[in-house]
Amino acid sequence: MATEKTFYLETFGCQMNAHDSEKVIGTLRHQGYRQVETEEDASLILYNTCSIRDKAEQKVFNRLNDYKKLHKAGKRFGVLGCVAQQEGAKIFERAPYVSLVSGSASYRKLPEMLMRLEAGENRITGLDDRQTDETFETEYTARQNPYRGYITIIEGCDKFCSYCVVPYTRGKERSRTSSSVLDEARRIAGDGYTEIQLLGQNVNSYRDPEGKRSFAELLAAVGEVGGVRRVRFTTSHPRDFTRDIVDVIDAVPTLCDHVHLPVQSGSSRLLKLMARDYTSDWYLERVSWIKAARRPIALSTDIIVGFPGETADDFIQTMDLLAQVQYDCVFGFKYSARPNTPALTMIDSIPETEKAGRLQVLLDRQREIQRVNYAKHLGQVLEVMVEGQNPARGQVVGRTSQNKPVNFTCAQPIAPAPGNYVQVRITGTHPNSLVGEAV
Ligand code: 5AD
Ligand code: SF4
């Protein structure tokens, strides 16, 4: 009897990676593999990796090293995702027990790569890099999230910000047709998903290859699919952020009132060095459109501190921007040099302690801003979509349309299941979450 084909898959990194894994799992299942919970139980061990910051490569090699003894038991290893694309065939040298190395731009070839693996090949690569115009579409997506259906609408990136590895790891920017996106939205709405999140490295750089719909029109069309109650989209690039996106959020109630618009720095001098292709004034103009919307739209951002050459004055400008925008959420990162990127050749002279200090100042200030922002919700009744429970506290956890986490109590004996919508009166606030009771 042939031994059963089983796989273990661990995912690192962003939502794009999490959703890629859903598609990879579906593809593997379709090829006759069964998913298992531990490396020990699997015949094929896969890591879907991230290389956006830090010593990501090293973490992957450490993880491979921890389990390499399993190779002797006949198990095969594969490295997928951004570290795979970045390190390429070098992975075979450092970890000779790895048989498969594939970046996300080659996943459409996974069925073929799996067949070669099963035939005994042990140096299989999918490193399409920036050569491909094709997107990875599959009807076999194995959705792991019970309440949020992800749909990739655009893959890759052509922006080449000077610090960022993504254009090298995820390939050329390429959009799916809006018809295929809408078909998928209808399909998953039919499966019971009421929240859809549209994904793309620069989601609003979307360009319909059929020329039928702009990004804003696609948002509206997804928002109007029967059964859909919430539509989110991430991540938006300020360069392609047009006013019609705000108009469509105003016009279509199912579009969530939240925009994630990474600014990276408040200093136009630094933005230029980062090759972001906008100034802080240009960014603030987009913010003013968002703030002028008829319904309040929450704003979140990403900020990098300690980019090569960032002076104390540049950093003050970032702090000024923070004060001006009053974000609802900020993801702050210390700059980390990445292979292949132009910033790698800039002198990274800011000591690690200084970067850490600036990050702390930034996050402390943002905490105060959020304290004020979140307190504005006291006494309001907000619609919350349930995501899970915190049994230790006897609370249900969920999110508002603005993407703010809410922990709330519920008088019913059985707590509402993930995916349900509950009206919650806000009775308390923390810097990163709201507290309430179901009404
Ligand atoms: N160093 C630090 N942060 C980075 N990001 C991307 N590349 C780097 C880097 N080399 C951050 C940016 C981006 C977020 C996803 O990660 O803020 O918006
Ligand atoms: Fe990490 Fe970027 Fe790759 Fe996502 S796309 S996994 S954030 S390197």
# chains A, B, ... in the order shown; residues from 1 in each chain; ligands from 1

call {"tool": "residues_near_ligand", "arguments": {"ligand": "ligand 2", "cutoff": "6 Å", "atoms": "only C-alpha atoms and all ligand atoms", "output": "ChimeraX atom specification"}}
result
/A:13-14,16-17,50-52,82,166

call {"tool": "residues_near_ligand", "arguments": {"ligand": "ligand 1", "cutoff": "9 Å", "atoms": "only C-alpha atoms and all ligand atoms", "output": "PyMOL selection string"}}
result
chain A and resi 14+51-54+161-166+201+235+261-264+301-307+331-338+341+343

call {"tool": "closest_residue", "arguments": {"among": "A:Phe61, A:Tyr193, A:Phe92, A:Tyr97", "to": "Tyr147 (chain A)", "atoms": "only C-alpha atoms"}}
result
A:Tyr193

call {"tool": "residues_around", "arguments": {"residues": "region 282-294 of chain A", "least_positions_apart": "2", "cutoff": "10 Å", "atoms": "only C-alpha atoms", "output": "PyMOL selection string"}}
result
chain A and resi 237-239+241-247+249-251+257-259+261-263+266+268+277-280+296-299+321+324-325

call {"tool": "write_last_selection", "arguments": {"atoms": "N, CA and C atoms", "output": "compact mmCIF listing (two decimals), in the first residue's frame"}}
result
# COMPACT_ATOMS: atom_id res chain seq x y z
N HIS A 237 -1.55 52.41 -1.10
CA HIS A 237 -0.36 53.26 -1.28
C HIS A 237 -0.83 54.70 -1.51
N PRO A 238 -0.27 55.67 -0.77
CA PRO A 238 -0.71 57.06 -0.92
C PRO A 238 -0.63 57.55 -2.36
N ARG A 239 0.39 57.09 -3.09
CA ARG A 239 0.59 57.55 -4.47
C ARG A 239 -0.65 57.30 -5.33
N PHE A 241 -3.74 56.75 -4.11
CA PHE A 241 -4.97 56.94 -3.34
C PHE A 241 -5.77 58.09 -3.94
N THR A 242 -6.88 57.75 -4.59
CA THR A 242 -7.68 58.76 -5.29
C THR A 242 -8.94 59.09 -4.48
N ARG A 243 -9.49 60.24 -4.80
CA ARG A 243 -10.63 60.74 -4.04
C ARG A 243 -11.87 59.85 -4.18
N ASP A 244 -11.97 59.17 -5.34
CA ASP A 244 -13.16 58.34 -5.54
C ASP A 244 -13.22 57.17 -4.55
N ILE A 245 -12.08 56.83 -3.93
CA ILE A 245 -12.10 55.75 -2.92
C ILE A 245 -12.90 56.23 -1.70
N VAL A 246 -12.67 57.49 -1.32
CA VAL A 246 -13.42 58.05 -0.19
C VAL A 246 -14.90 58.17 -0.56
N ASP A 247 -15.17 58.62 -1.78
CA ASP A 247 -16.56 58.79 -2.23
C ASP A 247 -17.31 57.45 -2.17
N ILE A 249 -16.61 54.84 -0.30
CA ILE A 249 -16.84 54.43 1.10
C ILE A 249 -18.07 55.15 1.64
N ASP A 250 -18.17 56.43 1.29
CA ASP A 250 -19.36 57.20 1.71
C ASP A 250 -20.65 56.63 1.12
N ALA A 251 -20.54 56.16 -0.13
CA ALA A 251 -21.77 55.77 -0.86
C ALA A 251 -22.23 54.35 -0.57
N ASP A 257 -15.48 51.50 7.39
CA ASP A 257 -14.97 52.87 7.52
C ASP A 257 -13.58 52.86 8.14
N HIS A 258 -12.65 52.33 7.36
CA HIS A 258 -11.26 52.25 7.78
C HIS A 258 -10.35 52.24 6.56
N VAL A 259 -9.30 53.05 6.63
CA VAL A 259 -8.28 53.04 5.57
C VAL A 259 -6.91 52.88 6.22
N LEU A 261 -3.23 53.53 5.47
CA LEU A 261 -2.48 54.32 4.50
C LEU A 261 -1.06 54.58 5.03
N PRO A 262 -0.13 53.66 4.75
CA PRO A 262 1.22 53.81 5.28
C PRO A 262 1.89 55.09 4.81
N VAL A 263 2.43 55.86 5.77
CA VAL A 263 3.10 57.11 5.42
C VAL A 263 4.62 56.92 5.43
N GLY A 266 7.31 61.40 8.21
CA GLY A 266 6.69 62.71 8.07
C GLY A 266 7.62 63.72 7.41
N SER A 268 9.60 65.05 4.24
CA SER A 268 9.62 64.93 2.77
C SER A 268 11.02 64.60 2.26
N ASP A 277 7.80 58.72 -3.54
CA ASP A 277 7.13 59.41 -4.64
C ASP A 277 5.97 60.30 -4.18
N TYR A 278 6.03 60.79 -2.94
CA TYR A 278 5.09 61.82 -2.49
C TYR A 278 5.78 62.62 -1.38
N THR A 279 5.23 63.80 -1.09
CA THR A 279 5.73 64.60 0.02
C THR A 279 4.75 64.49 1.18
N SER A 280 5.14 65.02 2.34
CA SER A 280 4.22 64.92 3.47
C SER A 280 2.96 65.75 3.20
N PRO A 296 -17.37 59.02 9.79
CA PRO A 296 -15.98 59.03 10.27
C PRO A 296 -15.24 57.78 9.79
N ILE A 297 -14.11 57.98 9.15
CA ILE A 297 -13.30 56.86 8.65
C ILE A 297 -12.04 56.76 9.51
N ALA A 298 -11.81 55.59 10.09
CA ALA A 298 -10.60 55.39 10.90
C ALA A 298 -9.39 55.30 9.98
N LEU A 299 -8.27 55.80 10.49
CA LEU A 299 -7.04 55.82 9.70
C LEU A 299 -5.93 55.11 10.47
N LEU A 321 3.60 64.98 12.22
CA LEU A 321 2.57 64.39 11.37
C LEU A 321 1.61 63.52 12.19
N GLN A 324 -0.75 65.71 13.92
CA GLN A 324 -1.71 66.30 13.00
C GLN A 324 -2.79 65.30 12.56
N VAL A 325 -2.38 64.09 12.23
CA VAL A 325 -3.33 63.13 11.67
C VAL A 325 -4.20 62.48 12.76

call {"tool": "residues_around", "arguments": {"residues": "Leu44 (chain A)", "least_positions_apart": "6", "cutoff": "12 Å", "atoms": "only C-alpha atoms", "output": "PyMOL selection string"}}
result
chain A and resi 4-10+28+33-38+67+70-71+73-79+97-100+114+117-118

call {"tool": "write_last_selection", "arguments": {"atoms": "N, CA, C and O atoms", "output": "tab-separated table (two decimals), in the first residue's frame"}}
result
chain	number	residue	atom	x	y	z
A	4	GLU	N	0.56	7.27	2.85
A	4	GLU	CA	-0.32	8.41	2.68
A	4	GLU	C	0.49	9.69	2.52
A	4	GLU	O	1.53	9.86	3.16
A	5	LYS	N	0.02	10.57	1.65
A	5	LYS	CA	0.70	11.86	1.46
A	5	LYS	C	0.14	12.86	2.47
A	5	LYS	O	-1.05	13.17	2.44
A	6	THR	N	1.02	13.32	3.37
A	6	THR	CA	0.57	14.28	4.39
A	6	THR	C	1.51	15.49	4.38
A	6	THR	O	2.67	15.38	4.01
A	7	PHE	N	0.97	16.63	4.78
A	7	PHE	CA	1.85	17.80	4.84
A	7	PHE	C	1.59	18.62	6.09
A	7	PHE	O	0.49	18.63	6.65
A	8	TYR	N	2.68	19.29	6.51
A	8	TYR	CA	2.61	20.25	7.60
A	8	TYR	C	3.01	21.59	6.99
A	8	TYR	O	3.99	21.67	6.25
A	9	LEU	N	2.23	22.64	7.26
A	9	LEU	CA	2.57	23.96	6.70
A	9	LEU	C	2.54	25.01	7.79
A	9	LEU	O	1.56	25.11	8.53
A	10	GLU	N	3.63	25.74	7.91
A	10	GLU	CA	3.67	26.83	8.88
A	10	GLU	C	3.88	28.14	8.12
A	10	GLU	O	4.69	28.22	7.21
A	28	LEU	N	-2.63	21.52	-2.37
A	28	LEU	CA	-2.07	20.26	-1.87
A	28	LEU	C	-3.18	19.23	-1.64
A	28	LEU	O	-3.05	18.07	-2.00
A	33	TYR	N	-3.05	15.31	-0.82
A	33	TYR	CA	-2.35	15.41	0.46
A	33	TYR	C	-3.33	15.70	1.58
A	33	TYR	O	-4.32	16.40	1.38
A	34	ARG	N	-3.02	15.22	2.78
A	34	ARG	CA	-3.82	15.53	3.96
A	34	ARG	C	-2.98	16.39	4.90
A	34	ARG	O	-1.79	16.11	5.11
A	35	GLN	N	-3.61	17.45	5.44
A	35	GLN	CA	-2.87	18.36	6.33
A	35	GLN	C	-2.79	17.77	7.73
A	35	GLN	O	-3.78	17.24	8.25
A	36	VAL	N	-1.60	17.84	8.36
A	36	VAL	CA	-1.43	17.35	9.74
A	36	VAL	C	-0.89	18.48	10.60
A	36	VAL	O	-0.43	19.51	10.10
A	37	GLU	N	-0.94	18.29	11.92
A	37	GLU	CA	-0.65	19.37	12.86
A	37	GLU	C	0.81	19.49	13.27
A	37	GLU	O	1.22	20.50	13.85
A	38	THR	N	1.61	18.45	13.05
A	38	THR	CA	3.00	18.52	13.50
A	38	THR	C	3.95	18.08	12.38
A	38	THR	O	3.56	17.31	11.49
A	67	TYR	N	14.58	20.71	12.64
A	67	TYR	CA	13.83	19.52	12.23
A	67	TYR	C	14.57	18.66	11.22
A	67	TYR	O	14.01	17.71	10.69
A	70	LEU	N	14.50	14.84	10.87
A	70	LEU	CA	13.34	14.15	10.29
A	70	LEU	C	13.60	13.73	8.84
A	70	LEU	O	12.91	12.87	8.30
A	71	HIS	N	14.60	14.36	8.24
A	71	HIS	CA	14.94	14.01	6.87
A	71	HIS	C	15.33	12.54	6.77
A	71	HIS	O	15.00	11.85	5.81
A	73	ALA	N	14.18	10.19	8.37
A	73	ALA	CA	12.97	9.35	8.41
A	73	ALA	C	12.22	9.44	7.08
A	73	ALA	O	11.08	9.00	6.98
A	74	GLY	N	12.84	10.05	6.09
A	74	GLY	CA	12.24	10.07	4.75
A	74	GLY	C	11.35	11.27	4.48
A	74	GLY	O	10.67	11.33	3.46
A	75	LYS	N	11.34	12.23	5.40
A	75	LYS	CA	10.46	13.39	5.18
A	75	LYS	C	11.12	14.38	4.23
A	75	LYS	O	12.34	14.50	4.20
A	76	ARG	N	10.27	15.08	3.46
A	76	ARG	CA	10.79	16.06	2.50
A	76	ARG	C	10.50	17.46	3.03
A	76	ARG	O	9.52	17.67	3.74
A	77	PHE	N	11.37	18.39	2.64
A	77	PHE	CA	11.21	19.78	3.10
A	77	PHE	C	11.03	20.73	1.92
A	77	PHE	O	11.69	20.56	0.89
A	78	GLY	N	10.18	21.74	2.11
A	78	GLY	CA	10.04	22.78	1.09
A	78	GLY	C	10.02	24.16	1.74
A	78	GLY	O	9.44	24.33	2.81
A	79	VAL	N	10.69	25.11	1.11
A	79	VAL	CA	10.64	26.50	1.58
A	79	VAL	C	9.88	27.32	0.54
A	79	VAL	O	10.23	27.32	-0.64
A	97	TYR	N	18.90	19.12	2.73
A	97	TYR	CA	17.74	18.22	2.86
A	97	TYR	C	16.46	18.89	2.34
A	97	TYR	O	15.40	18.27	2.33
A	98	VAL	N	16.56	20.16	1.91
A	98	VAL	CA	15.39	20.83	1.30
A	98	VAL	C	15.28	20.39	-0.16
A	98	VAL	O	16.28	20.32	-0.88
A	99	SER	N	14.06	20.05	-0.59
A	99	SER	CA	13.86	19.58	-1.96
A	99	SER	C	13.15	20.58	-2.85
A	99	SER	O	13.18	20.47	-4.07
A	100	LEU	N	12.44	21.53	-2.23
A	100	LEU	CA	11.60	22.44	-3.01
A	100	LEU	C	11.76	23.87	-2.51
A	100	LEU	O	11.68	24.11	-1.30
A	114	LEU	N	4.87	19.55	-7.32
A	114	LEU	CA	4.57	18.45	-6.39
A	114	LEU	C	4.75	17.10	-7.08
A	114	LEU	O	5.26	16.15	-6.49
A	117	LEU	N	8.31	16.32	-7.22
A	117	LEU	CA	8.75	15.94	-5.87
A	117	LEU	C	8.43	14.48	-5.61
A	117	LEU	O	9.27	13.70	-5.14
A	118	GLU	N	7.20	14.10	-5.95
A	118	GLU	CA	6.77	12.72	-5.71
A	118	GLU	C	7.56	11.74	-6.58
A	118	GLU	O	7.77	10.59	-6.20

call {"tool": "residues_around", "arguments": {"residues": "Gln144 (chain A)", "least_positions_apart": "6", "cutoff": "9 Å", "atoms": "only C-alpha atoms", "output": "PDB file with N, CA, C and O atoms, in the first residue's frame"}}
result
ATOM      1  N   ALA A  18      -0.616  34.683   4.606  1.00  0.00           N
ATOM      2  CA  ALA A  18      -1.638  33.834   5.228  1.00  0.00           C
ATOM      3  C   ALA A  18      -2.609  33.349   4.153  1.00  0.00           C
ATOM      4  O   ALA A  18      -2.981  32.175   4.111  1.00  0.00           O
ATOM      5  N   HIS A  19      -2.992  34.250   3.257  1.00  0.00           N
ATOM      6  CA  HIS A  19      -3.948  33.858   2.219  1.00  0.00           C
ATOM      7  C   HIS A  19      -3.284  32.978   1.161  1.00  0.00           C
ATOM      8  O   HIS A  19      -3.892  32.024   0.666  1.00  0.00           O
ATOM      9  N   GLU A  22      -3.565  29.616   2.314  1.00  0.00           N
ATOM     10  CA  GLU A  22      -4.895  29.011   2.108  1.00  0.00           C
ATOM     11  C   GLU A  22      -4.992  28.408   0.709  1.00  0.00           C
ATOM     12  O   GLU A  22      -5.604  27.364   0.509  1.00  0.00           O
TER      13      GLU A  22
END

call {"tool": "residues_around", "arguments": {"residues": "Val231 (chain A)", "least_positions_apart": "3", "cutoff": "10 Å", "atoms": "only C-alpha atoms", "output": "list of chain:residue names"}}
result
A:Arg148, A:Gly149, A:Tyr150, A:Thr194, A:Glu195, A:Ile196, A:Gln197, A:Leu198, A:Leu219, A:Ala220, A:Val222, A:Gly223, A:Glu224, A:Val228, A:Ile249, A:Val252, A:Pro253, A:Thr254, A:Leu255, A:Cys256, A:Asp257, A:His258, A:Ser401

call {"tool": "write_last_selection", "arguments": {"atoms": "C-alpha atoms", "output": "CSV table (one decimal), in the first residue's frame"}}
result
chain,number,residue,atom,x,y,z
A,148,ARG,CA,-13.1,36.6,7.0
A,149,GLY,CA,-12.7,35.7,3.3
A,150,TYR,CA,-9.6,37.0,1.7
A,194,THR,CA,-20.1,38.1,5.2
A,195,GLU,CA,-16.8,39.9,5.5
A,196,ILE,CA,-14.4,40.1,2.5
A,197,GLN,CA,-11.0,41.5,2.7
A,198,LEU,CA,-9.4,42.5,-0.7
A,219,LEU,CA,-14.9,48.1,-4.2
A,220,ALA,CA,-18.5,49.1,-4.9
A,222,VAL,CA,-17.9,43.7,-4.1
A,223,GLY,CA,-19.8,45.7,-1.5
A,224,GLU,CA,-23.0,45.1,-3.5
A,228,VAL,CA,-21.7,40.7,2.0
A,249,ILE,CA,-16.8,54.4,1.1
A,252,VAL,CA,-21.7,52.0,-0.1
A,253,PRO,CA,-22.5,51.2,3.5
A,254,THR,CA,-20.9,47.7,3.4
A,255,LEU,CA,-17.5,49.2,2.8
A,256,CYS,CA,-15.8,49.4,6.2
A,257,ASP,CA,-15.0,52.9,7.5
A,258,HIS,CA,-11.3,52.3,7.8
A,401,SER,CA,-16.2,48.4,11.1

call {"tool": "select_by_dssp", "arguments": {"residues": "region 146-272 of chain A", "states": "strand (DSSP E or B)", "output": "ChimeraX atom specification"}}
result
/A:148-152,154-155,174-175,195-199,230-234,255,258-260,264

call {"tool": "write_last_selection", "arguments": {"atoms": "N, CA, C and O atoms", "output": "short mmCIF file (atom, residue, chain, number, x, y, z; two decimals), in the first residue's frame"}}
result
data_model
loop_
_atom_site.label_atom_id
_atom_site.label_comp_id
_atom_site.auth_asym_id
_atom_site.auth_seq_id
_atom_site.Cartn_x
_atom_site.Cartn_y
_atom_site.Cartn_z
N ARG A 148 -13.58 35.65 7.95
CA ARG A 148 -13.11 36.65 6.99
C ARG A 148 -12.59 35.95 5.74
O ARG A 148 -11.66 35.15 5.81
N GLY A 149 -13.19 36.27 4.60
CA GLY A 149 -12.75 35.67 3.35
C GLY A 149 -11.78 36.61 2.64
O GLY A 149 -12.14 37.73 2.27
N TYR A 150 -10.56 36.14 2.44
CA TYR A 150 -9.56 36.96 1.75
C TYR A 150 -9.64 36.74 0.24
O TYR A 150 -9.84 35.61 -0.20
N ILE A 151 -9.49 37.81 -0.50
CA ILE A 151 -9.39 37.70 -1.95
C ILE A 151 -8.22 38.57 -2.42
O ILE A 151 -8.23 39.79 -2.20
N THR A 152 -7.23 37.95 -3.06
CA THR A 152 -6.13 38.74 -3.64
C THR A 152 -6.62 39.34 -4.93
O THR A 152 -7.12 38.62 -5.80
N ILE A 154 -4.58 41.93 -6.50
CA ILE A 154 -3.37 42.35 -7.22
C ILE A 154 -2.16 41.73 -6.53
O ILE A 154 -2.09 41.73 -5.30
N GLU A 155 -1.26 41.19 -7.31
CA GLU A 155 -0.06 40.57 -6.74
C GLU A 155 1.16 41.42 -7.11
O GLU A 155 1.13 42.20 -8.05
N ARG A 174 0.70 42.75 -10.89
CA ARG A 174 -0.26 42.19 -11.86
C ARG A 174 -1.62 42.00 -11.20
O ARG A 174 -1.72 41.45 -10.12
N SER A 175 -2.65 42.49 -11.88
CA SER A 175 -4.00 42.47 -11.32
C SER A 175 -4.81 41.34 -11.92
O SER A 175 -4.61 40.96 -13.08
N GLU A 195 -17.83 38.86 5.58
CA GLU A 195 -16.76 39.86 5.53
C GLU A 195 -15.73 39.43 4.49
O GLU A 195 -15.22 38.31 4.53
N ILE A 196 -15.44 40.34 3.59
CA ILE A 196 -14.44 40.07 2.55
C ILE A 196 -13.32 41.07 2.69
O ILE A 196 -13.56 42.27 2.90
N GLN A 197 -12.10 40.58 2.63
CA GLN A 197 -10.96 41.49 2.65
C GLN A 197 -10.19 41.36 1.34
O GLN A 197 -9.67 40.29 1.02
N LEU A 198 -10.13 42.46 0.60
CA LEU A 198 -9.39 42.47 -0.66
C LEU A 198 -7.93 42.76 -0.36
O LEU A 198 -7.61 43.67 0.41
N LEU A 199 -7.06 41.95 -0.96
CA LEU A 199 -5.64 42.05 -0.63
C LEU A 199 -4.80 42.44 -1.82
O LEU A 199 -5.09 42.06 -2.96
N ARG A 230 -19.50 43.31 5.13
CA ARG A 230 -18.31 44.14 5.36
C ARG A 230 -17.26 43.87 4.30
O ARG A 230 -16.93 42.72 4.03
N VAL A 231 -16.71 44.95 3.77
CA VAL A 231 -15.59 44.82 2.83
C VAL A 231 -14.43 45.65 3.34
O VAL A 231 -14.60 46.84 3.66
N ARG A 232 -13.28 45.00 3.47
CA ARG A 232 -12.05 45.71 3.84
C ARG A 232 -11.06 45.61 2.68
O ARG A 232 -11.19 44.72 1.83
N PHE A 233 -10.06 46.45 2.70
CA PHE A 233 -9.01 46.36 1.67
C PHE A 233 -7.71 46.84 2.26
O PHE A 233 -7.67 47.79 3.02
N THR A 234 -6.63 46.15 1.92
CA THR A 234 -5.32 46.53 2.44
C THR A 234 -4.23 45.96 1.54
O THR A 234 -4.44 44.89 0.96
N LEU A 255 -18.92 48.96 2.77
CA LEU A 255 -17.47 49.21 2.80
C LEU A 255 -17.09 49.72 4.19
O LEU A 255 -17.69 50.67 4.69
N HIS A 258 -12.65 52.33 7.36
CA HIS A 258 -11.26 52.25 7.78
C HIS A 258 -10.35 52.24 6.56
O HIS A 258 -10.61 51.53 5.60
N VAL A 259 -9.30 53.05 6.63
CA VAL A 259 -8.28 53.04 5.57
C VAL A 259 -6.91 52.88 6.22
O VAL A 259 -6.58 53.60 7.18
N HIS A 260 -6.13 51.92 5.72
CA HIS A 260 -4.75 51.78 6.17
C HIS A 260 -3.87 52.42 5.10
O HIS A 260 -3.82 51.95 3.96
N GLN A 264 5.10 56.08 6.31
CA GLN A 264 6.53 55.71 6.50
C GLN A 264 7.35 56.80 7.19
O GLN A 264 8.17 56.50 8.05
#

call {"tool": "closest_residue", "arguments": {"among": "A:Val406, A:Ile426, A:Ala323, A:Val60", "to": "Arg367 (chain A)", "atoms": "only C-alpha atoms"}}
result
A:Ala323

call {"tool": "select_by_dssp", "arguments": {"residues": "region 91-225 of chain A", "states": "helix (DSSP H, G or I)", "output": "PyMOL selection string"}}
result
chain A and resi 91-94+104-118+166-169+178-190+203-205+215-223

call {"tool": "closest_residue", "arguments": {"among": "A:Arg358, A:Val83, A:Glu112, A:Asp158", "to": "Ala312 (chain A)", "atoms": "only C-alpha atoms"}}
result
A:Arg358

call {"tool": "atom_distance", "arguments": {"atom1": "CA of Met319 (chain A)", "atom2": "CA of Ile369 (chain A)"}}
result
11.5 Å

call {"tool": "residues_around", "arguments": {"residues": "Pro416 (chain A)", "least_positions_apart": "2", "cutoff": "12 Å", "atoms": "only C-alpha atoms", "output": "number ranges by chain"}}
result
A: 384-389, 395-398, 408-414, 418-423, 438

call {"tool": "closest_residue", "arguments": {"among": "A:Thr135, A:Asn204, A:Thr318, A:Ser179", "to": "Gln366 (chain A)", "atoms": "only C-alpha atoms"}}
result
A:Thr318

call {"tool": "closest_residue", "arguments": {"among": "A:Tyr140, A:Tyr168, A:Phe12, A:Tyr206", "to": "Arg187 (chain A)", "atoms": "only C-alpha atoms"}}
result
A:Tyr140

call {"tool": "closest_residue", "arguments": {"among": "A:Thr49, A:Gln317, A:Asn62, A:Thr3", "to": "Gly32 (chain A)", "atoms": "only C-alpha atoms"}}
result
A:Thr3

call {"tool": "decode", "arguments": {"residues": "region 24-69 of chain A", "atoms": "C-alpha atoms", "output": "PDB file, in the first residue's frame"}}
result
ATOM      1  CA  VAL A  24      -1.372  26.327  -1.194  1.00  0.00           C
ATOM      2  CA  ILE A  25      -3.278  24.116   1.281  1.00  0.00           C
ATOM      3  CA  GLY A  26      -6.190  23.829  -1.147  1.00  0.00           C
ATOM      4  CA  THR A  27      -3.815  22.910  -3.977  1.00  0.00           C
ATOM      5  CA  LEU A  28      -2.072  20.257  -1.871  1.00  0.00           C
ATOM      6  CA  ARG A  29      -5.389  18.753  -0.799  1.00  0.00           C
ATOM      7  CA  HIS A  30      -6.513  18.612  -4.396  1.00  0.00           C
ATOM      8  CA  GLN A  31      -3.295  16.724  -5.162  1.00  0.00           C
ATOM      9  CA  GLY A  32      -4.228  14.101  -2.575  1.00  0.00           C
ATOM     10  CA  TYR A  33      -2.347  15.406   0.458  1.00  0.00           C
ATOM     11  CA  ARG A  34      -3.824  15.530   3.963  1.00  0.00           C
ATOM     12  CA  GLN A  35      -2.874  18.363   6.330  1.00  0.00           C
ATOM     13  CA  VAL A  36      -1.435  17.355   9.740  1.00  0.00           C
ATOM     14  CA  GLU A  37      -0.649  19.371  12.859  1.00  0.00           C
ATOM     15  CA  THR A  38       3.003  18.518  13.496  1.00  0.00           C
ATOM     16  CA  GLU A  39       6.210  18.162  11.534  1.00  0.00           C
ATOM     17  CA  GLU A  40       6.591  14.621  12.942  1.00  0.00           C
ATOM     18  CA  ASP A  41       3.303  13.470  11.401  1.00  0.00           C
ATOM     19  CA  ALA A  42       3.980  14.885   7.938  1.00  0.00           C
ATOM     20  CA  SER A  43       5.631  13.390   4.885  1.00  0.00           C
ATOM     21  CA  LEU A  44       6.136  16.908   3.472  1.00  0.00           C
ATOM     22  CA  ILE A  45       7.151  19.833   5.696  1.00  0.00           C
ATOM     23  CA  LEU A  46       6.585  23.329   4.279  1.00  0.00           C
ATOM     24  CA  TYR A  47       7.467  26.773   5.593  1.00  0.00           C
ATOM     25  CA  ASN A  48       5.825  29.781   3.961  1.00  0.00           C
ATOM     26  CA  THR A  49       8.336  32.456   4.858  1.00  0.00           C
ATOM     27  CA  CYS A  50       8.569  36.239   5.250  1.00  0.00           C
ATOM     28  CA  SER A  51      11.599  38.441   4.697  1.00  0.00           C
ATOM     29  CA  ILE A  52      10.246  41.931   5.242  1.00  0.00           C
ATOM     30  CA  ARG A  53      12.476  42.759   8.253  1.00  0.00           C
ATOM     31  CA  ASP A  54      15.148  41.496  10.612  1.00  0.00           C
ATOM     32  CA  LYS A  55      17.124  38.344  10.163  1.00  0.00           C
ATOM     33  CA  ALA A  56      14.251  36.483   8.536  1.00  0.00           C
ATOM     34  CA  GLU A  57      16.518  34.205   6.516  1.00  0.00           C
ATOM     35  CA  GLN A  58      18.313  33.133   9.669  1.00  0.00           C
ATOM     36  CA  LYS A  59      15.034  32.288  11.405  1.00  0.00           C
ATOM     37  CA  VAL A  60      14.080  30.000   8.526  1.00  0.00           C
ATOM     38  CA  PHE A  61      17.419  28.220   8.552  1.00  0.00           C
ATOM     39  CA  ASN A  62      17.197  27.801  12.333  1.00  0.00           C
ATOM     40  CA  ARG A  63      13.744  26.265  11.989  1.00  0.00           C
ATOM     41  CA  LEU A  64      14.917  23.928   9.226  1.00  0.00           C
ATOM     42  CA  ASN A  65      17.890  22.968  11.340  1.00  0.00           C
ATOM     43  CA  ASP A  66      15.658  22.126  14.315  1.00  0.00           C
ATOM     44  CA  TYR A  67      13.826  19.519  12.231  1.00  0.00           C
ATOM     45  CA  LYS A  68      16.507  18.293   9.858  1.00  0.00           C
ATOM     46  CA  LYS A  69      16.775  14.982  11.698  1.00  0.00           C
TER      47      LYS A  69
END
